[in-house]
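Shown next: work31.txt, containing compact mmCIF, C-alpha atoms.
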# COMPACT_ATOMS: atom_id res chain seq x y z
CA MET D 1 24.05 20.49 16.99
CA GLU D 2 24.06 17.20 15.15
CA SER D 3 21.64 18.10 12.39
CA ARG D 4 23.81 20.94 11.18
CA LYS D 5 26.56 18.61 10.04
CA ASN D 6 24.97 18.10 6.63
CA PRO D 7 21.62 19.66 5.71
CA SER D 8 20.95 17.50 2.65
CA GLU D 9 21.55 14.36 4.69
CA THR D 10 19.13 15.66 7.29
CA LEU D 11 16.51 16.34 4.63
CA ASP D 12 16.91 12.84 3.21
CA GLU D 13 16.45 11.42 6.67
CA ILE D 14 13.28 13.47 7.19
CA ARG D 15 11.85 12.35 3.86
CA SER D 16 12.58 8.72 4.61
CA LEU D 17 11.00 9.00 8.08
CA MET D 18 7.89 10.66 6.72
CA GLU D 19 7.46 7.95 4.12
CA ARG D 20 8.40 5.04 6.36
CA SER D 21 6.03 6.18 9.11
CA SER D 22 2.98 6.81 6.93
CA ARG D 23 3.05 4.28 4.10
CA PHE D 24 3.60 0.56 3.86
CA ILE D 25 6.44 0.63 1.35
CA SER D 26 7.50 -3.01 1.61
CA LEU D 27 5.05 -4.23 -0.98
CA SER D 28 7.23 -6.16 -3.42
CA GLY D 29 6.85 -5.97 -7.19
CA LEU D 30 7.61 -9.69 -7.32
CA SER D 31 4.34 -10.34 -5.45
CA GLY D 32 2.51 -8.84 -8.41
CA VAL D 33 4.49 -10.94 -10.89
CA VAL D 34 3.70 -14.16 -8.98
CA ALA D 35 -0.01 -13.26 -8.68
CA GLY D 36 -0.10 -12.57 -12.42
CA LEU D 37 1.60 -15.87 -13.27
CA PHE D 38 -0.83 -17.86 -11.14
CA ALA D 39 -3.77 -16.04 -12.73
CA ILE D 40 -2.53 -16.96 -16.20
CA ILE D 41 -1.90 -20.61 -15.25
CA GLY D 42 -5.37 -20.74 -13.69
CA ALA D 43 -6.99 -19.31 -16.82
CA THR D 44 -5.02 -21.70 -19.04
CA LEU D 45 -6.37 -24.62 -17.00
CA VAL D 46 -9.90 -23.33 -17.66
CA TYR D 47 -9.25 -23.21 -21.41
CA ILE D 48 -7.88 -26.75 -21.35
CA TYR D 49 -10.76 -27.99 -19.20
CA LEU D 50 -13.34 -26.48 -21.55
CA ASP D 51 -11.42 -27.39 -24.74
CA MET D 52 -11.53 -23.77 -25.80
CA THR D 53 -9.06 -21.26 -27.16
CA PRO D 54 -9.03 -17.54 -26.32
CA PHE D 55 -11.45 -15.42 -28.39
CA ASP D 56 -13.22 -18.61 -29.38
CA GLY D 57 -16.25 -17.07 -31.09
CA LYS D 58 -17.78 -15.69 -27.90
CA ARG D 59 -18.95 -19.09 -26.68
CA LEU D 60 -20.52 -19.04 -23.28
CA TYR D 61 -18.23 -20.53 -20.67
CA TYR D 62 -20.92 -21.65 -18.33
CA VAL D 63 -22.86 -23.45 -21.09
CA GLU D 64 -19.70 -25.33 -22.07
CA ALA D 65 -18.83 -25.95 -18.44
CA ILE D 66 -22.02 -27.74 -17.50
CA HIS D 67 -21.34 -30.49 -20.05
CA SER D 68 -17.68 -30.98 -19.29
CA THR D 69 -16.44 -33.92 -17.24
CA LYS D 70 -12.77 -33.75 -18.12
CA TRP D 71 -10.26 -35.21 -15.61
CA GLY D 72 -13.22 -36.93 -13.89
CA MET D 73 -14.37 -33.65 -12.33
CA ASN D 74 -17.62 -31.83 -12.74
CA TYR D 75 -17.32 -28.12 -13.39
CA ILE D 76 -18.03 -27.01 -9.81
CA THR D 77 -15.20 -29.12 -8.37
CA PHE D 78 -12.89 -27.98 -11.12
CA PHE D 79 -13.62 -24.27 -10.70
CA LEU D 80 -13.35 -24.39 -6.92
CA LEU D 81 -9.98 -26.19 -7.18
CA ASP D 82 -8.79 -23.75 -9.83
CA VAL D 83 -9.78 -20.69 -7.77
CA ALA D 84 -8.15 -22.16 -4.65
CA PHE D 85 -4.98 -22.86 -6.65
CA ILE D 86 -4.80 -19.25 -7.91
CA LEU D 87 -5.59 -17.65 -4.55
CA ILE D 88 -3.20 -19.82 -2.53
CA GLY D 89 -0.43 -19.32 -5.08
CA ALA D 90 -0.89 -15.54 -5.30
CA ILE D 91 -1.25 -14.99 -1.56
CA THR D 92 1.67 -17.24 -0.61
CA GLY D 93 3.89 -15.57 -3.19
CA GLY D 94 2.75 -12.14 -2.06
CA ILE D 95 3.45 -12.81 1.60
CA PHE D 96 6.82 -14.41 0.83
CA PHE D 97 8.22 -11.56 -1.29
CA THR D 98 6.71 -8.79 0.83
CA THR D 99 8.12 -10.27 4.05
CA ARG D 100 11.50 -10.52 2.37
CA LYS D 101 11.41 -6.88 1.29
CA ALA D 102 10.16 -5.73 4.71
CA LYS D 103 13.17 -7.43 6.32
CA GLN D 104 15.52 -5.66 3.94
CA LYS D 105 13.83 -2.31 4.60
CA GLY D 106 13.64 -2.81 8.35
CA GLN D 107 9.87 -2.32 8.25
CA LYS D 108 7.43 -4.48 10.17
CA ILE D 109 5.10 -6.70 8.19
CA TRP D 110 2.24 -6.53 10.69
CA ASP D 111 1.78 -3.08 12.21
CA ALA D 112 -0.57 -0.10 12.08
CA LEU D 113 0.56 0.68 8.50
CA SER D 114 0.00 -2.74 6.95
CA GLN D 115 -3.30 -3.09 8.83
CA ARG D 116 -4.50 0.26 7.51
CA LEU D 117 -3.46 -0.77 4.00
CA LEU D 118 -5.36 -4.06 4.24
CA ILE D 119 -8.51 -2.43 5.64
CA ASN D 120 -8.55 0.11 2.82
CA LEU D 121 -7.97 -2.62 0.27
CA PHE D 122 -10.60 -4.98 1.67
CA VAL D 123 -13.54 -2.63 2.12
CA PRO D 124 -14.06 -2.12 -1.65
CA LEU D 125 -12.86 -5.66 -2.37
CA ALA D 126 -15.32 -7.33 0.02
CA THR D 127 -18.11 -5.07 -1.26
CA GLY D 128 -17.29 -6.18 -4.80
CA GLY D 129 -17.14 -9.82 -3.73
CA ILE D 130 -20.59 -9.71 -2.17
CA PHE D 131 -21.91 -7.76 -5.17
CA CYS D 132 -20.62 -10.55 -7.43
CA LEU D 133 -22.31 -13.19 -5.28
CA GLY D 134 -25.54 -11.26 -5.89
CA LEU D 135 -24.95 -11.23 -9.66
CA PHE D 136 -24.17 -14.94 -9.54
CA TYR D 137 -27.33 -15.61 -7.53
CA HIS D 138 -29.46 -13.85 -10.13
CA GLY D 139 -27.68 -15.56 -13.02
CA PHE D 140 -25.93 -12.51 -14.46
CA PHE D 141 -22.74 -14.46 -15.13
CA GLY D 142 -21.64 -12.18 -17.96
CA PHE D 143 -21.28 -9.26 -15.57
CA LEU D 144 -18.89 -11.06 -13.22
CA ALA D 145 -15.65 -10.21 -15.04
CA PRO D 146 -16.36 -6.47 -15.50
CA THR D 147 -17.58 -6.18 -11.90
CA THR D 148 -14.59 -7.94 -10.33
CA LEU D 149 -12.17 -5.76 -12.31
CA VAL D 150 -13.93 -2.48 -11.51
CA PHE D 151 -14.11 -3.22 -7.78
CA TYR D 152 -10.53 -4.49 -7.71
CA GLY D 153 -9.42 -1.30 -9.44
CA LEU D 154 -11.32 0.86 -6.94
CA ALA D 155 -9.76 -1.13 -4.09
CA LEU D 156 -6.27 -0.45 -5.48
CA VAL D 157 -6.94 3.28 -5.95
CA ASN D 158 -8.22 3.45 -2.38
CA ALA D 159 -5.28 1.47 -0.94
CA SER D 160 -2.68 3.44 -2.89
CA LYS D 161 -2.82 6.23 -0.31
CA TYR D 162 -1.23 3.86 2.19
CA THR D 163 1.45 2.21 0.09
CA LEU D 164 3.58 2.90 -2.97
CA ASN D 165 1.71 5.52 -4.98
CA ASP D 166 2.23 3.61 -8.24
CA ILE D 167 -0.54 1.20 -7.25
CA ARG D 168 -3.01 3.96 -8.10
CA ASN D 169 -2.17 3.74 -11.82
CA LEU D 170 -2.61 -0.02 -11.78
CA GLY D 171 -6.03 0.62 -10.21
CA TYR D 172 -6.97 3.05 -12.99
CA CYS D 173 -5.98 0.46 -15.62
CA GLU D 174 -8.14 -2.21 -13.95
CA ILE D 175 -11.13 0.16 -13.76
CA ILE D 176 -10.82 1.17 -17.43
CA LEU D 177 -10.47 -2.46 -18.49
CA GLY D 178 -13.48 -3.45 -16.39
CA LEU D 179 -15.64 -0.68 -17.81
CA LEU D 180 -14.61 -1.50 -21.39
CA SER D 181 -15.44 -5.16 -20.89
CA LEU D 182 -18.89 -4.17 -19.67
CA PHE D 183 -19.64 -3.01 -23.21
CA PHE D 184 -18.05 -6.06 -24.86
CA LEU D 185 -19.56 -8.86 -22.84
CA GLY D 186 -18.56 -12.42 -23.64
CA TYR D 187 -14.81 -12.09 -23.28
CA GLY D 188 -14.78 -12.46 -19.51
CA LEU D 189 -11.92 -14.91 -19.27
CA GLU D 190 -9.76 -13.01 -21.75
CA VAL D 191 -10.35 -9.79 -19.83
CA TRP D 192 -9.49 -11.56 -16.58
CA VAL D 193 -6.23 -12.79 -18.07
CA VAL D 194 -5.33 -9.24 -19.11
CA GLY D 195 -6.45 -7.61 -15.83
CA PHE D 196 -5.25 -10.07 -13.25
CA GLY D 197 -2.48 -11.74 -15.26
CA ILE D 198 -0.76 -9.46 -17.74
CA LEU D 199 -1.29 -6.14 -15.92
CA HIS D 200 0.00 -7.65 -12.66
CA ILE D 201 3.12 -8.99 -14.36
CA ILE D 202 3.83 -5.71 -16.18
CA TYR D 203 3.22 -3.63 -13.07
CA GLY D 204 5.10 -5.94 -10.75
CA SER D 205 8.11 -5.89 -13.06
CA LEU D 206 8.01 -2.09 -13.33
CA MET D 207 7.86 -1.71 -9.55
CA TYR D 208 10.65 -4.22 -9.07
CA TRP D 209 12.73 -2.35 -11.64
CA LYS D 210 12.02 0.99 -10.00
CA TYR D 211 12.41 0.21 -6.28
CA GLU D 212 14.11 -3.12 -5.68
CA ARG D 213 16.77 -3.68 -8.31
CA THR D 214 20.07 -3.21 -6.55
CA MET C 1 23.78 32.91 6.09
CA LYS C 2 23.52 34.12 9.65
CA LYS C 3 19.81 34.64 9.17
CA ILE C 4 19.34 31.04 8.05
CA LEU C 5 21.27 29.68 10.99
CA ALA C 6 19.23 31.88 13.32
CA ILE C 7 16.01 30.39 11.94
CA LEU C 8 17.37 26.85 12.33
CA GLU C 9 18.16 27.61 15.94
CA SER C 10 14.96 29.48 16.75
CA THR C 11 12.68 26.60 15.75
CA LYS C 12 14.23 24.39 18.46
CA LEU C 13 14.24 21.64 15.87
CA ASP C 14 17.97 21.75 15.40
CA ASN C 15 18.16 18.31 16.90
CA ARG C 16 17.95 14.96 15.18
CA VAL C 17 15.51 13.36 17.59
CA ARG C 18 13.10 16.30 17.76
CA LEU C 19 13.15 16.72 13.99
CA GLY C 20 12.52 12.98 13.65
CA ILE C 21 9.52 13.12 15.99
CA MET C 22 8.08 16.05 14.03
CA SER C 23 8.64 14.25 10.70
CA VAL C 24 6.53 11.34 11.89
CA LEU C 25 3.82 13.53 13.45
CA VAL C 26 3.26 15.81 10.44
CA VAL C 27 2.19 12.86 8.27
CA ASN C 28 0.22 10.90 10.89
CA ASP C 29 -2.73 11.74 13.16
CA TRP C 30 -2.37 10.84 16.83
CA VAL C 31 0.70 8.63 17.06
CA GLU C 32 1.26 6.37 20.06
CA PHE C 33 4.37 6.65 22.19
CA LYS C 34 5.25 3.05 21.41
CA ARG C 35 5.02 3.58 17.67
CA LEU C 36 7.20 6.69 17.84
CA LYS C 37 9.73 4.76 19.85
CA GLU C 38 9.84 1.90 17.35
CA THR C 39 9.93 4.11 14.27
CA LEU C 40 12.71 6.32 15.60
CA GLU C 41 14.52 3.50 17.43
CA LEU C 42 14.94 5.41 20.68
CA SER C 43 14.93 4.59 24.36
CA ASP C 44 11.90 5.55 26.50
CA GLY C 45 13.85 8.19 28.42
CA ASN C 46 15.43 9.82 25.38
CA LEU C 47 12.13 10.03 23.52
CA ALA C 48 10.24 11.31 26.58
CA SER C 49 12.70 14.12 27.25
CA HIS C 50 12.54 15.39 23.68
CA LEU C 51 8.74 15.12 23.64
CA LYS C 52 8.76 17.33 26.73
CA VAL C 53 10.70 20.02 24.89
CA LEU C 54 8.27 19.89 21.97
CA GLU C 55 5.33 20.08 24.37
CA ARG C 56 6.83 23.11 26.10
CA GLU C 57 7.18 24.82 22.70
CA LYS C 58 3.48 24.00 22.08
CA TYR C 59 4.47 22.10 18.93
CA ILE C 60 2.60 18.98 19.98
CA GLU C 61 -0.60 18.06 21.77
CA ILE C 62 -0.82 15.15 24.15
CA LYS C 63 -3.77 12.87 24.79
CA LYS C 64 -3.77 10.36 27.61
CA GLN C 65 -6.44 7.71 27.73
CA PHE C 66 -7.10 4.19 28.87
CA VAL C 67 -7.43 1.39 26.36
CA GLY C 68 -8.91 -1.36 28.48
CA ARG C 69 -6.74 -1.14 31.57
CA LYS C 70 -3.61 0.10 29.84
CA PRO C 71 -2.79 3.79 29.79
CA GLN C 72 -2.04 5.02 26.31
CA THR C 73 -0.37 8.30 25.38
CA THR C 74 -0.75 9.67 21.89
CA TYR C 75 0.69 12.77 20.26
CA GLN C 76 -0.45 15.14 17.55
CA VAL C 77 1.28 18.07 15.90
CA THR C 78 -0.22 21.54 16.46
CA ALA C 79 -0.59 24.27 13.81
CA LEU C 80 2.32 26.08 15.47
CA GLY C 81 4.44 22.92 15.30
CA ARG C 82 3.63 22.41 11.64
CA THR C 83 4.70 25.97 10.82
CA ALA C 84 7.93 25.60 12.79
CA PHE C 85 8.66 22.32 10.99
CA GLU C 86 8.05 23.93 7.58
CA ASN C 87 10.23 26.92 8.47
CA HIS C 88 12.97 24.58 9.55
CA LEU C 89 12.82 22.59 6.31
CA ASN C 90 12.83 25.77 4.23
CA ALA C 91 15.87 27.01 6.11
CA LEU C 92 17.65 23.70 5.53
CA GLU C 93 16.87 23.93 1.82
CA ALA C 94 18.11 27.52 1.70
CA LEU C 95 21.32 26.34 3.35
CA ILE C 96 21.82 23.67 0.70
CA LYS C 97 21.23 26.17 -2.11
CA ARG C 98 23.85 28.50 -0.68
CA LYS C 99 26.38 25.71 -0.52
CA ASP C 100 25.71 24.64 -4.09
CA GLY C 101 25.71 28.17 -5.48
Could you spell out this file's structure in structure tokens?
Amino acid sequence: MESRKNPSETLDEIRSLMERSSRFISLSGLSGVVAGLFAIIGATLVYIYLDMTPFDGKRLYYVEAIHSTKWGMNYITFFLLDVAFILIGAITGGIFFTTRKAKQKGQKIWDALSQRLLINLFVPLATGGIFCLGLFYHGFFGFLAPTTLVFYGLALVNASKYTLNDIRNLGYCEIILGLLSLFFLGYGLEVWVVGFGILHIIYGSLMYWKYERT
Amino acid sequence: MKKILAILESTKLDNRVRLGIMSVLVVNDWVEFKRLKETLELSDGNLASHLKVLEREKYIEIKKQFVGRKPQTTYQVTALGRTAFENHLNALEALIKRKDG
């Protein structure tokens, strides 16, 4: 019958079906690059707002922040705006490039696969978020950067089973970085720039190079 | 060579649609009819007739249930089906090796 015409073609088809039906493979590397860029811009704004430079003698951000009134904003307004800017930028970019890749691949953007991916990403992520709120509540500001990175890394490792497997290695990098920063407290913002900025850009570019360059 | 072809035939998976269904089922637990149809891009009738063959071979299990008021049919591969699928893939690979060598 049909399948006997070319066995290697049949095998390729089987492989593609197995992958397409079990993993959300439309995640675009460019989403990572955009998220990384927004993270770096966001962090740069913090440095400008606080009149600080990276590795600035381990000064405490929140002590500096309380006294700053740059651009006519108190620090709470500034940080909320900055976080909103990063999140909106990263999420919009992510959705844009992933939708584009899904169209090219003929995969749906909202189906059982992407839902399963998001659930597996958000369980550790939401846990980490609430954990950080607890740290914040008790005034352990120094632990925020290590904690966010460790939980984000665990979320990526967990989600990697349902998307491109490469995400797992990014997760490991985030976990290692988070754990290291736990023993070198005081460089929270620098570590964030590396974890959410530089690692995302490197990884996004690698994935783009590997899967999307045509 | 004849032996390989005999295996390919004996598994009843020497058909694009049936092999496609099995490919999806071996990597997913309980897949809905609708999802199979969308993934494989088949018509209801075509998919249903091939599912029937696989059911007759005891390669798949069928579960019918109601979700709210809608009936929902889901499918799962059996141990027998998994073995047949693996045998079929091995035979295909053996066929490729013969051609190359």
**OP:** Extract, using all atoms listed in the file, all DNA, RNA and protein residues at most 6 Å from segment 21-31 of chain C, discarding same-chain residues fewer than 3 positions from it, and format them as a ChimeraX atom specification.
**Re:** /D:14,18,21 /C:18,74-77
Subject >> Polymer residues at most 8 Å from segment 59-69 of chain C, all atoms listed in the file, same-chain spacing of 2 or more positions, as an MDAnalysis selection string >> reply: chainID C and resid 54:57 71:82 84
Original post:
Taking all atoms listed in the file into account, which residues of chain C are within 10 Å of chain D, as a ChimeraX atom specification?
Top reply: /C:5,8-9,13-17,19-29,31,35-36,38-40,89,91-97,99
With all atoms of segment 48-62 of chain C from the file as input, state the centre and edge lengths in Å to one decimal of the axis-aligned box that has 4 Å extra on each side, as JSON.
{"center_x": 5.9, "center_y": 18.1, "center_z": 23.1, "size_x": 21.5, "size_y": 21.5, "size_z": 16.3}
**OP:** State, in Å with one decimal place, the distance from atom CA of Gly186 of chain D to atom CA of Ala43 of chain D.
**Re:** 15.1 Å
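Put simply, atom CA of Glu9 of chain D is 17.3 Å away from atom CA of Asn87 of chain C.
For the residues D:Thr127, D:Leu185, D:Leu179, D:Leu164, ranking by smallest atom-to-atom distance to Phe141 of chain D using only C-alpha atoms places D:Leu185 first.
Atom CA of His200 of chain D lies 16.4 Å from atom CA of Glu212 of chain D.
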Original post:
Looking at only C-alpha atoms, which of D:Ser28, D:Thr163, D:Thr53, D:Thr148 is the one that sits closest to Gln115 of chain D?
Top reply: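 Of all the options, D:Thr163 lies closest to Gln115 of chain D.
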Just add all heavy atoms to segment 85-96 of chain D and send it as a tab-separated table (two decimals), keeping the file's coordinate frame.
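part-v6.tsv written:
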chain	number	residue	atom	x	y	z
D	85	PHE	N	-6.36	-22.80	-6.16
D	85	PHE	CA	-4.98	-22.86	-6.65
D	85	PHE	C	-4.44	-21.44	-6.91
D	85	PHE	O	-3.35	-21.08	-6.45
D	85	PHE	CB	-4.96	-23.69	-7.94
D	85	PHE	CG	-3.67	-23.61	-8.71
D	85	PHE	CD1	-2.55	-24.31	-8.30
D	85	PHE	CD2	-3.59	-22.83	-9.87
D	85	PHE	CE1	-1.35	-24.22	-9.01
D	85	PHE	CE2	-2.41	-22.74	-10.59
D	85	PHE	CZ	-1.29	-23.44	-10.16
D	86	ILE	N	-5.24	-20.61	-7.60
D	86	ILE	CA	-4.80	-19.25	-7.91
D	86	ILE	C	-4.62	-18.43	-6.63
D	86	ILE	O	-3.59	-17.78	-6.43
D	86	ILE	CB	-5.80	-18.53	-8.84
D	86	ILE	CG1	-5.90	-19.29	-10.18
D	86	ILE	CG2	-5.40	-17.09	-9.09
D	86	ILE	CD1	-7.02	-18.80	-11.07
D	87	LEU	N	-5.64	-18.47	-5.76
D	87	LEU	CA	-5.59	-17.65	-4.55
D	87	LEU	C	-4.42	-18.05	-3.65
D	87	LEU	O	-3.68	-17.20	-3.18
D	87	LEU	CB	-6.91	-17.77	-3.77
D	87	LEU	CG	-8.08	-16.96	-4.34
D	87	LEU	CD1	-9.31	-17.12	-3.46
D	87	LEU	CD2	-7.70	-15.48	-4.45
D	88	ILE	N	-4.28	-19.36	-3.42
D	88	ILE	CA	-3.20	-19.82	-2.53
D	88	ILE	C	-1.84	-19.44	-3.12
D	88	ILE	O	-0.97	-18.92	-2.43
D	88	ILE	CB	-3.31	-21.34	-2.26
D	88	ILE	CG1	-4.55	-21.63	-1.42
D	88	ILE	CG2	-2.05	-21.87	-1.56
D	88	ILE	CD1	-4.88	-23.09	-1.27
D	89	GLY	N	-1.68	-19.66	-4.42
D	89	GLY	CA	-0.43	-19.32	-5.08
D	89	GLY	C	-0.12	-17.83	-4.97
D	89	GLY	O	0.97	-17.43	-4.58
D	90	ALA	N	-1.11	-16.99	-5.29
D	90	ALA	CA	-0.89	-15.54	-5.30
D	90	ALA	C	-0.63	-15.01	-3.89
D	90	ALA	O	0.28	-14.21	-3.68
D	90	ALA	CB	-2.10	-14.84	-5.92
D	91	ILE	N	-1.40	-15.50	-2.92
D	91	ILE	CA	-1.25	-14.99	-1.56
D	91	ILE	C	0.07	-15.45	-0.94
D	91	ILE	O	0.80	-14.67	-0.33
D	91	ILE	CB	-2.47	-15.40	-0.68
D	91	ILE	CG1	-3.72	-14.66	-1.18
D	91	ILE	CG2	-2.22	-15.08	0.78
D	91	ILE	CD1	-5.00	-15.12	-0.57
D	92	THR	N	0.41	-16.74	-1.14
D	92	THR	CA	1.67	-17.24	-0.61
D	92	THR	C	2.85	-16.48	-1.20
D	92	THR	O	3.75	-16.04	-0.49
D	92	THR	CB	1.84	-18.75	-0.92
D	92	THR	OG1	0.63	-19.41	-0.57
D	92	THR	CG2	2.99	-19.35	-0.14
D	93	GLY	N	2.82	-16.31	-2.53
D	93	GLY	CA	3.89	-15.57	-3.19
D	93	GLY	C	3.97	-14.14	-2.68
D	93	GLY	O	5.04	-13.62	-2.40
D	94	GLY	N	2.81	-13.51	-2.54
D	94	GLY	CA	2.75	-12.14	-2.06
D	94	GLY	C	3.34	-11.99	-0.68
D	94	GLY	O	4.18	-11.11	-0.43
D	95	ILE	N	2.95	-12.89	0.23
D	95	ILE	CA	3.45	-12.81	1.60
D	95	ILE	C	4.96	-13.06	1.62
D	95	ILE	O	5.72	-12.35	2.27
D	95	ILE	CB	2.71	-13.81	2.52
D	95	ILE	CG1	1.26	-13.35	2.69
D	95	ILE	CG2	3.39	-13.92	3.88
D	95	ILE	CD1	0.39	-14.31	3.46
D	96	PHE	N	5.39	-14.06	0.85
D	96	PHE	CA	6.82	-14.41	0.83
D	96	PHE	C	7.69	-13.22	0.40
D	96	PHE	O	8.61	-12.81	1.11
D	96	PHE	CB	7.07	-15.61	-0.09
D	96	PHE	CG	8.52	-15.94	-0.25
D	96	PHE	CD1	9.21	-16.62	0.75
D	96	PHE	CD2	9.22	-15.55	-1.39
D	96	PHE	CE1	10.55	-16.91	0.62
D	96	PHE	CE2	10.57	-15.83	-1.53
D	96	PHE	CZ	11.24	-16.52	-0.53
